[in-house]
Amino acid sequence: MFRLMESRSQAAIDTLRARIRAIEAGARTSRGVLPFGIEAIDEVLPEGGLALGALHEVAGGGAGAIDGAAAALFAAGIVARSPGPVLWCVTRPDLFAPALGQAGLDPDRFIYAEAGDDKTVLACFEEGLRHGGLGGVVAEVARLPTTASRRLQLAAETSGTLGIALRRWRRQTEAADFGQPTAAVTRWRISALPSTALPVPGIGRARWLVELIRCRAGECAEFVLEASDEEGRLAVPADLADRSAASRNGRLRASA
Amino acid sequence: MGASALPPEVPLVLIGRDGRRSVVQAADDAAQRLGLQAGMAATQAHALVPRLRTYEAEPAADASGLDRLALWALKQYSPVVAADPPDGLVIDASGASHLKGGEAAMLVDLTDRLAAAGVRARAAMAGTRGAAHALARYRARPTLVVAGDATGAAVADLPIAALRLSPDLVTGLARMGFERIGELEAQPRAPLALRFGPEVGRRLDQAFGRLFEPITPVAVPERIEARRNFAEPIGAAETIARYIGVLVTDLCFTLENRGLGARRLDLLCHRVDNRIEAVRIGTAKPARDVKRLTRLLGERIETIDPGFGIERMTLSAPIVERLDYRPAATSLSDPALPEVAGLIDTLANRVGADRLYRFAAVESDVPERSIRKIAPLSAPTQGRWPLHWPRPTRLLSPPEAIETLALLPDHPPVHFTWRGIRRRVTRADGPERIHGEWIRSDAEIFAVRDYFQVEDEAGERFWLFRTGDGENPASGSFCWFLHGIFA
């Protein structure tokens, strides 16, 4: 009985959500989604993937808040899966293109714009999102004011281009800024985890803790993933592959 | 000059006439080393250097050469360029330096290109034409940029001769004991004017920016342009925007008739007070799309200062290329995506064309040299980076020195300290030995770097290297550096 009510109220909530989405979208149509291809992540995201024509935020955790190395590769892996050239706006030009090449990304698709300050980066970001001919735009910014993020989100909605604000700060203390509200649809934090020890001396595939901190019309979640391989695919680590579904259920129950 | 060019070690001077005297007009390096200089009597020069080659000076040819150079600079650098005889160019860089990546970069580019053509030039940029003229001739080594508000201080230290005064005036002032412009500036103006006339005061005011000095741009023959004269001077941003639209439409009509597309557009706004406000935009591919060009120009309206009003606007295309018609869409079902070229132009005009690029692979094992920047719209490249050795997502440039504890010759560090934080290495991979490229320079014949990929306790991964192979001191100093951060 209880279960029946729960499922009925769930259905009602889903209908309401769909209607709210329709109202919010106004004249805009849904641009579809970009699935990750990893069941665990796609299940959590509404409509089964990362919304196209929307702004997403990605930041590194720990020291990654400053260097943003894992976050950059994560963002690159996302935009590389949508067709068309990619615009990458930076203030600090330290992204090393061979690494993107090793993650299976075609360097000919990435166009870099080097701007002097955050303001110019945001302007280029918006310009790229508004244009509509790009597969995605990534901008490395420290501050993302709410107004600016709303403009970016609107620009992304009208053109259908995927936008990723790669948050990257100068100092660890500034990273607290990541809690401030923005108009972004999802917010991710990527931190490095110690990798599995190999039976021989050496380093195995890197492992990330991918946290979905905010997700509009969805729930937060966290995943332990193995970093992009030479074809740009993330993966669920083999030793966790059996356990992740159970742990996800556990969290859902706890939050209900 | 070509094959007829003389070997540079033969002293050479140009002889011209000064009234009834025959004097040296110009002397080359070899001649100057022998003590010859401009202004010396020709007979004296012949007496000092026996095997001197002399040529007749041709002031008219010099002037036309300078005009040609001004035309070149007009296409390359700025819409407002004029010859500054006998030996200079004056360029109004406001509204144009963004295309070359800023003022300093623009001057370096200018002197480098002239040097490549065999012209040794010095260039300075300052708040006023007078100051830039003086600084280029007396301070630039070979380039100098002085901020607008520091112009006065920079000029004050220069000799009087830098003020563009006639030689008689300079001698007269020197006789009175004036050596520096600053000393002259500190004097009461009336006695100076009484003794030397108004010229001294005028040049001082021009150098210090109290008196405006217009630059009349060099006239370009057969330039494609559109212009509008206004009966009433205009000033509002909306009005300027409207007329930009009108001018672009006119210009694009002309371009279309000739089958051309513009690579550069210059908008000159002639103000009622005789100043010219210039805006230059560049495009990555030839374009004659009215909407796009209007938008590119419209974005720079805020840089135009209308002052008391603009009485004439001229839009010209100094660089044009052939542009043929193309089919707009290839398929009915698939609506064509907007071309990226338009976006590239918008961004290039905002951040500078050289700060918009793609990376292409270079065949080099040295990480810093394995990439090169290419224009964003270049054809797809073939080369790819090898996959067998890991490369970090972020590359530090230059590599940062770290303190480590490591066993020689080929063990990874046990721990290292970077930016004040000590990290213990839990896992490591390496070494990847990278040899210096002896093909590039002799200093790299023995140079070696041993790269290690290490992971610390938190799982963060770094790319460290040691200079030297750990055994032979000639291969490097055995210091450790952090070169990159892995994802």
# chains A, B, ... in the order shown; residues from 1 in each chain; ligands from 1
$ residues_around --residues "stretch 360-373 of chain B" --least-positions-apart "4" --cutoff "8 Å" --atoms "only C-alpha atoms" --output "list in words"
Ala97, Pro98, Pro107 and Asp108 of chain A; Thr381, Gly383, Arg384, Trp385, Ile434, His435 and Gly436 of chain B
$ residues_around --residues "B:Ala156" --least-positions-apart "2" --cutoff "8 Å" --atoms "only C-alpha atoms" --output "number ranges by chain"
B: 152-154, 158, 180-183, 185
$ write_last_selection --atoms "C-alpha atoms" --output "PDB file, in the first residue's frame"
ATOM      1  CA  GLY B 152      55.976  64.264 -19.889  1.00  0.00           C
ATOM      2  CA  ALA B 153      58.507  62.699 -17.537  1.00  0.00           C
ATOM      3  CA  ALA B 154      60.036  60.605 -20.309  1.00  0.00           C
ATOM      4  CA  LEU B 158      65.902  64.269 -23.651  1.00  0.00           C
ATOM      5  CA  ARG B 180      67.522  69.159 -21.695  1.00  0.00           C
ATOM      6  CA  ILE B 181      63.893  69.608 -22.650  1.00  0.00           C
ATOM      7  CA  GLY B 182      62.950  69.634 -18.958  1.00  0.00           C
ATOM      8  CA  GLU B 183      65.079  72.735 -18.347  1.00  0.00           C
ATOM      9  CA  GLU B 185      60.001  73.489 -20.028  1.00  0.00           C
TER      10      GLU B 185
END
$ select_by_dssp --residues "stretch 21-107 of chain A" --states "strand (DSSP E)" --output "MDAnalysis selection string"
chainID A and resid 33:34 50:51 55:60 86:90
$ write_last_selection --atoms "C-alpha atoms" --output "PDB file, in the first residue's frame"
ATOM      1  CA  VAL A  33      21.057  15.600 -23.965  1.00  0.00           C
ATOM      2  CA  LEU A  34      24.566  14.269 -24.294  1.00  0.00           C
ATOM      3  CA  LEU A  50      24.064  16.256 -19.798  1.00  0.00           C
ATOM      4  CA  ALA A  51      21.657  18.862 -21.185  1.00  0.00           C
ATOM      5  CA  LEU A  55      25.610  25.965 -18.906  1.00  0.00           C
ATOM      6  CA  HIS A  56      27.486  23.503 -16.728  1.00  0.00           C
ATOM      7  CA  GLU A  57      30.087  24.181 -14.075  1.00  0.00           C
ATOM      8  CA  VAL A  58      33.125  22.029 -13.452  1.00  0.00           C
ATOM      9  CA  ALA A  59      35.817  22.574 -10.835  1.00  0.00           C
ATOM     10  CA  GLY A  60      38.669  20.624  -9.402  1.00  0.00           C
ATOM     11  CA  VAL A  86      35.301  23.634 -29.632  1.00  0.00           C
ATOM     12  CA  LEU A  87      36.237  27.044 -28.302  1.00  0.00           C
ATOM     13  CA  TRP A  88      38.409  27.063 -25.189  1.00  0.00           C
ATOM     14  CA  CYS A  89      38.815  30.460 -23.474  1.00  0.00           C
ATOM     15  CA  VAL A  90      41.617  30.877 -20.946  1.00  0.00           C
TER      16      VAL A  90
END
$ closest_atom_pairs --of "chain A" --to "chain B" --cutoff "6 Å" --atoms "only C-alpha atoms" --output "tab-separated table"
residue	atom	partner	partner_atom	distance
A:Ala69	CA	B:Ala487	CA	4.7
A:Ala70	CA	B:Ala487	CA	3.8
A:Asp94	CA	B:Arg394	CA	5.4
A:Leu95	CA	B:Arg394	CA	4.7
A:Phe96	CA	B:Thr393	CA	5.3
A:Pro98	CA	B:Trp385	CA	5.8
A:Ala99	CA	B:Arg391	CA	5.1
A:Gln102	CA	B:Leu387	CA	5.7
A:Asp108	CA	B:Pro380	CA	5.9
A:Ile111	CA	B:Arg358	CA	4.9
A:Tyr112	CA	B:Tyr357	CA	5.3
A:Ala113	CA	B:Leu356	CA	4.5
A:Glu114	CA	B:Arg355	CA	5.1
A:Ala115	CA	B:Val351	CA	5.8
A:Gly133	CA	B:Pro338	CA	5.0
A:Ala192	CA	B:Gly459	CA	5.3
A:Leu193	CA	B:Gly459	CA	4.6
A:Pro194	CA	B:Gly459	CA	3.6
A:Gly202	CA	B:Asp429	CA	4.6
A:Ile203	CA	B:Asp429	CA	5.8
$ residues_around --residues "B:Phe212" --least-positions-apart "3" --cutoff "10 Å" --atoms "only C-alpha atoms" --output "MDAnalysis selection string"
chainID B and resid 128:130 205:209 215 273:275
$ write_last_selection --atoms "C-alpha atoms" --output "JSON list (two decimals), in the first residue's frame"
[["chain", "number", "residue", "atom", "x", "y", "z"],
["B", 128, "THR", "CA", 51.83, 62.59, -28.23],
["B", 129, "ARG", "CA", 53.33, 62.67, -31.70],
["B", 130, "GLY", "CA", 56.14, 65.01, -30.57],
["B", 205, "ASP", "CA", 53.34, 72.16, -26.17],
["B", 206, "GLN", "CA", 53.12, 69.51, -28.87],
["B", 207, "ALA", "CA", 55.56, 67.24, -27.06],
["B", 208, "PHE", "CA", 53.76, 67.60, -23.74],
["B", 209, "GLY", "CA", 50.33, 67.19, -25.24],
["B", 215, "ILE", "CA", 48.23, 63.49, -38.60],
["B", 273, "ASP", "CA", 38.30, 69.86, -34.24],
["B", 274, "ASN", "CA", 40.43, 68.26, -36.96],
["B", 275, "ARG", "CA", 41.20, 65.06, -35.07]]
$ closest_residue --among "A:Glu174, A:Arg233, A:Leu16, A:Leu209" --to "A:Pro35" --atoms "only C-alpha atoms"
A:Arg233
$ atom_distance --atom1 "atom CA of A:Thr158" --atom2 "atom CA of A:Glu211"
28.0 Å
$ atom_distance --atom1 "atom CA of B:Leu267" --atom2 "atom CA of B:Ile281"
8.6 Å
$ closest_residue --among "B:Ala401, B:Cys479, B:Leu293, B:Ala115" --to "B:Ala317" --atoms "only C-alpha atoms"
B:Leu293
$ select_by_dssp --residues "stretch 31-70 of chain A" --states "helix (DSSP H, G or I)" --output "list of chain:residue names"
A:Glu39, A:Ala40, A:Ile41, A:Asp42, A:Glu43, A:Val44, A:Pro46, A:Glu47, A:Gly48, A:Gly64, A:Ala65, A:Ile66, A:Asp67, A:Ala69, A:Ala70
$ write_last_selection --atoms "N, CA and C atoms" --output "PDB file, in the first residue's frame"
ATOM      1  N   GLU A  39      26.297   4.125 -17.359  1.00  0.00           N
ATOM      2  CA  GLU A  39      24.928   3.970 -16.871  1.00  0.00           C
ATOM      3  C   GLU A  39      24.717   4.675 -15.536  1.00  0.00           C
ATOM      4  N   ALA A  40      25.700   4.520 -14.645  1.00  0.00           N
ATOM      5  CA  ALA A  40      25.552   5.060 -13.300  1.00  0.00           C
ATOM      6  C   ALA A  40      25.315   6.568 -13.334  1.00  0.00           C
ATOM      7  N   ILE A  41      26.017   7.275 -14.231  1.00  0.00           N
ATOM      8  CA  ILE A  41      25.864   8.730 -14.287  1.00  0.00           C
ATOM      9  C   ILE A  41      24.586   9.101 -15.018  1.00  0.00           C
ATOM     10  N   ASP A  42      24.368   8.458 -16.156  1.00  0.00           N
ATOM     11  CA  ASP A  42      23.226   8.832 -16.980  1.00  0.00           C
ATOM     12  C   ASP A  42      21.893   8.606 -16.261  1.00  0.00           C
ATOM     13  N   GLU A  43      21.848   7.640 -15.346  1.00  0.00           N
ATOM     14  CA  GLU A  43      20.631   7.389 -14.587  1.00  0.00           C
ATOM     15  C   GLU A  43      20.272   8.567 -13.702  1.00  0.00           C
ATOM     16  N   VAL A  44      21.293   9.204 -13.158  1.00  0.00           N
ATOM     17  CA  VAL A  44      21.065  10.272 -12.193  1.00  0.00           C
ATOM     18  C   VAL A  44      20.627  11.551 -12.896  1.00  0.00           C
ATOM     19  N   PRO A  46      18.731  14.119 -15.321  1.00  0.00           N
ATOM     20  CA  PRO A  46      17.402  14.142 -15.928  1.00  0.00           C
ATOM     21  C   PRO A  46      17.530  13.936 -17.444  1.00  0.00           C
ATOM     22  N   GLU A  47      16.628  13.175 -18.001  1.00  0.00           N
ATOM     23  CA  GLU A  47      16.606  12.835 -19.417  1.00  0.00           C
ATOM     24  C   GLU A  47      17.810  11.999 -19.833  1.00  0.00           C
ATOM     25  N   GLY A  48      18.553  11.524 -18.852  1.00  0.00           N
ATOM     26  CA  GLY A  48      19.600  10.549 -19.166  1.00  0.00           C
ATOM     27  C   GLY A  48      20.857  11.108 -19.788  1.00  0.00           C
ATOM     28  N   GLY A  64      43.294  20.606  -7.190  1.00  0.00           N
ATOM     29  CA  GLY A  64      42.711  20.757  -8.516  1.00  0.00           C
ATOM     30  C   GLY A  64      41.953  22.054  -8.687  1.00  0.00           C
ATOM     31  N   ALA A  65      41.586  22.714  -7.576  1.00  0.00           N
ATOM     32  CA  ALA A  65      40.904  23.995  -7.673  1.00  0.00           C
ATOM     33  C   ALA A  65      41.817  25.028  -8.301  1.00  0.00           C
ATOM     34  N   ILE A  66      43.132  24.829  -8.155  1.00  0.00           N
ATOM     35  CA  ILE A  66      44.089  25.789  -8.700  1.00  0.00           C
ATOM     36  C   ILE A  66      44.575  25.346 -10.066  1.00  0.00           C
ATOM     37  N   ASP A  67      44.987  24.067 -10.180  1.00  0.00           N
ATOM     38  CA  ASP A  67      45.510  23.667 -11.486  1.00  0.00           C
ATOM     39  C   ASP A  67      44.411  23.210 -12.437  1.00  0.00           C
ATOM     40  N   ALA A  69      43.525  20.420 -13.512  1.00  0.00           N
ATOM     41  CA  ALA A  69      44.001  19.492 -14.540  1.00  0.00           C
ATOM     42  C   ALA A  69      42.947  18.428 -14.855  1.00  0.00           C
ATOM     43  N   ALA A  70      42.443  17.773 -13.804  1.00  0.00           N
ATOM     44  CA  ALA A  70      41.450  16.734 -14.040  1.00  0.00           C
ATOM     45  C   ALA A  70      40.160  17.337 -14.575  1.00  0.00           C
TER      46      ALA A  70
END
$ residues_around --residues "B:Asp112" --least-positions-apart "4" --cutoff "12 Å" --atoms "only C-alpha atoms" --output "VMD selection string"
chain B and resid 105 to 108 116 to 123 142 to 143
$ atom_distance --atom1 "atom CA of A:Gly104" --atom2 "atom CA of A:Trp169"
26.9 Å
$ closest_residue --among "B:Glu437, B:Gly420, B:Val155, B:Gly95" --to "B:Leu297" --atoms "only C-alpha atoms"
B:Gly95
$ residues_around --residues "B:Gln44" --least-positions-apart "4" --cutoff "12 Å" --atoms "only C-alpha atoms" --output "PDB file with C-alpha atoms, in the first residue's frame"
ATOM      1  CA  ILE B  15      76.314  63.644 -51.466  1.00  0.00           C
ATOM      2  CA  ARG B  21      77.984  73.677 -50.872  1.00  0.00           C
ATOM      3  CA  SER B  22      78.270  70.049 -51.603  1.00  0.00           C
ATOM      4  CA  VAL B  23      77.724  68.133 -48.349  1.00  0.00           C
ATOM      5  CA  VAL B  24      77.395  64.595 -47.086  1.00  0.00           C
ATOM      6  CA  GLY B  35      84.417  59.369 -38.739  1.00  0.00           C
ATOM      7  CA  LEU B  36      82.185  60.593 -41.537  1.00  0.00           C
ATOM      8  CA  GLN B  37      78.796  62.039 -40.696  1.00  0.00           C
ATOM      9  CA  ALA B  38      75.905  63.845 -42.265  1.00  0.00           C
ATOM     10  CA  GLY B  39      76.454  67.585 -42.692  1.00  0.00           C
ATOM     11  CA  MET B  40      80.176  67.283 -43.421  1.00  0.00           C
ATOM     12  CA  LEU B  48      89.465  61.714 -44.763  1.00  0.00           C
ATOM     13  CA  VAL B  49      88.662  58.463 -46.589  1.00  0.00           C
ATOM     14  CA  PRO B  50      90.546  57.915 -49.811  1.00  0.00           C
ATOM     15  CA  LEU B  52      85.148  56.449 -50.531  1.00  0.00           C
TER      16      LEU B  52
END
$ closest_residue --among "B:Glu179, B:Glu311, B:Asp28, B:Glu9" --to "B:Ile240" --atoms "only C-alpha atoms"
B:Glu311
$ residues_around --residues "A:Glu140" --least-positions-apart "3" --cutoff "9 Å" --atoms "only C-alpha atoms" --output "VMD selection string"
chain A and resid 68 72 88 to 92 118 121 to 122 164 to 168
$ write_last_selection --atoms "N, CA and C atoms" --output "PDB file, in the first residue's frame"
ATOM      1  N   GLY A  68      43.314  22.700 -11.892  1.00  0.00           N
ATOM      2  CA  GLY A  68      42.193  22.304 -12.747  1.00  0.00           C
ATOM      3  C   GLY A  68      42.573  21.295 -13.808  1.00  0.00           C
ATOM      4  N   ALA A  72      39.830  19.932 -16.398  1.00  0.00           N
ATOM      5  CA  ALA A  72      39.993  20.291 -17.804  1.00  0.00           C
ATOM      6  C   ALA A  72      39.809  19.074 -18.696  1.00  0.00           C
ATOM      7  N   TRP A  88      37.891  27.196 -26.554  1.00  0.00           N
ATOM      8  CA  TRP A  88      38.409  27.063 -25.189  1.00  0.00           C
ATOM      9  C   TRP A  88      39.001  28.408 -24.788  1.00  0.00           C
ATOM     10  N   CYS A  89      38.357  29.118 -23.861  1.00  0.00           N
ATOM     11  CA  CYS A  89      38.815  30.460 -23.474  1.00  0.00           C
ATOM     12  C   CYS A  89      39.602  30.380 -22.173  1.00  0.00           C
ATOM     13  N   VAL A  90      40.767  30.957 -22.140  1.00  0.00           N
ATOM     14  CA  VAL A  90      41.617  30.877 -20.946  1.00  0.00           C
ATOM     15  C   VAL A  90      42.212  32.236 -20.609  1.00  0.00           C
ATOM     16  N   THR A  91      42.629  32.365 -19.362  1.00  0.00           N
ATOM     17  CA  THR A  91      43.484  33.501 -19.011  1.00  0.00           C
ATOM     18  C   THR A  91      44.920  33.020 -18.818  1.00  0.00           C
ATOM     19  N   ARG A  92      45.050  31.790 -18.303  1.00  0.00           N
ATOM     20  CA  ARG A  92      46.391  31.225 -18.101  1.00  0.00           C
ATOM     21  C   ARG A  92      46.594  30.132 -19.142  1.00  0.00           C
ATOM     22  N   ASP A 118      39.286  37.864 -16.552  1.00  0.00           N
ATOM     23  CA  ASP A 118      38.049  37.098 -16.460  1.00  0.00           C
ATOM     24  C   ASP A 118      36.917  37.730 -17.252  1.00  0.00           C
ATOM     25  N   VAL A 121      37.247  36.854 -20.777  1.00  0.00           N
ATOM     26  CA  VAL A 121      36.938  35.428 -20.949  1.00  0.00           C
ATOM     27  C   VAL A 121      35.433  35.227 -20.999  1.00  0.00           C
ATOM     28  N   LEU A 122      34.717  35.880 -20.064  1.00  0.00           N
ATOM     29  CA  LEU A 122      33.264  35.729 -20.037  1.00  0.00           C
ATOM     30  C   LEU A 122      32.635  36.276 -21.311  1.00  0.00           C
ATOM     31  N   ILE A 164      30.610  25.024 -20.836  1.00  0.00           N
ATOM     32  CA  ILE A 164      31.175  24.541 -19.580  1.00  0.00           C
ATOM     33  C   ILE A 164      32.042  25.639 -18.982  1.00  0.00           C
ATOM     34  N   ALA A 165      31.660  26.080 -17.790  1.00  0.00           N
ATOM     35  CA  ALA A 165      32.492  27.029 -17.066  1.00  0.00           C
ATOM     36  C   ALA A 165      33.439  26.217 -16.204  1.00  0.00           C
ATOM     37  N   LEU A 166      34.699  26.252 -16.558  1.00  0.00           N
ATOM     38  CA  LEU A 166      35.706  25.509 -15.809  1.00  0.00           C
ATOM     39  C   LEU A 166      36.238  26.457 -14.737  1.00  0.00           C
ATOM     40  N   ARG A 167      35.799  26.231 -13.502  1.00  0.00           N
ATOM     41  CA  ARG A 167      36.163  27.171 -12.441  1.00  0.00           C
ATOM     42  C   ARG A 167      37.577  26.843 -11.976  1.00  0.00           C
ATOM     43  N   ARG A 168      38.396  27.897 -11.959  1.00  0.00           N
ATOM     44  CA  ARG A 168      39.792  27.697 -11.606  1.00  0.00           C
ATOM     45  C   ARG A 168      40.274  28.941 -10.889  1.00  0.00           C
TER      46      ARG A 168
END
$ residues_around --residues "B:Asp87" --least-positions-apart "2" --cutoff "9 Å" --atoms "only C-alpha atoms" --output "list in words"
Asp62, Ala63, Leu66, Ala83, Asp84, Pro85 and Leu89 of chain B
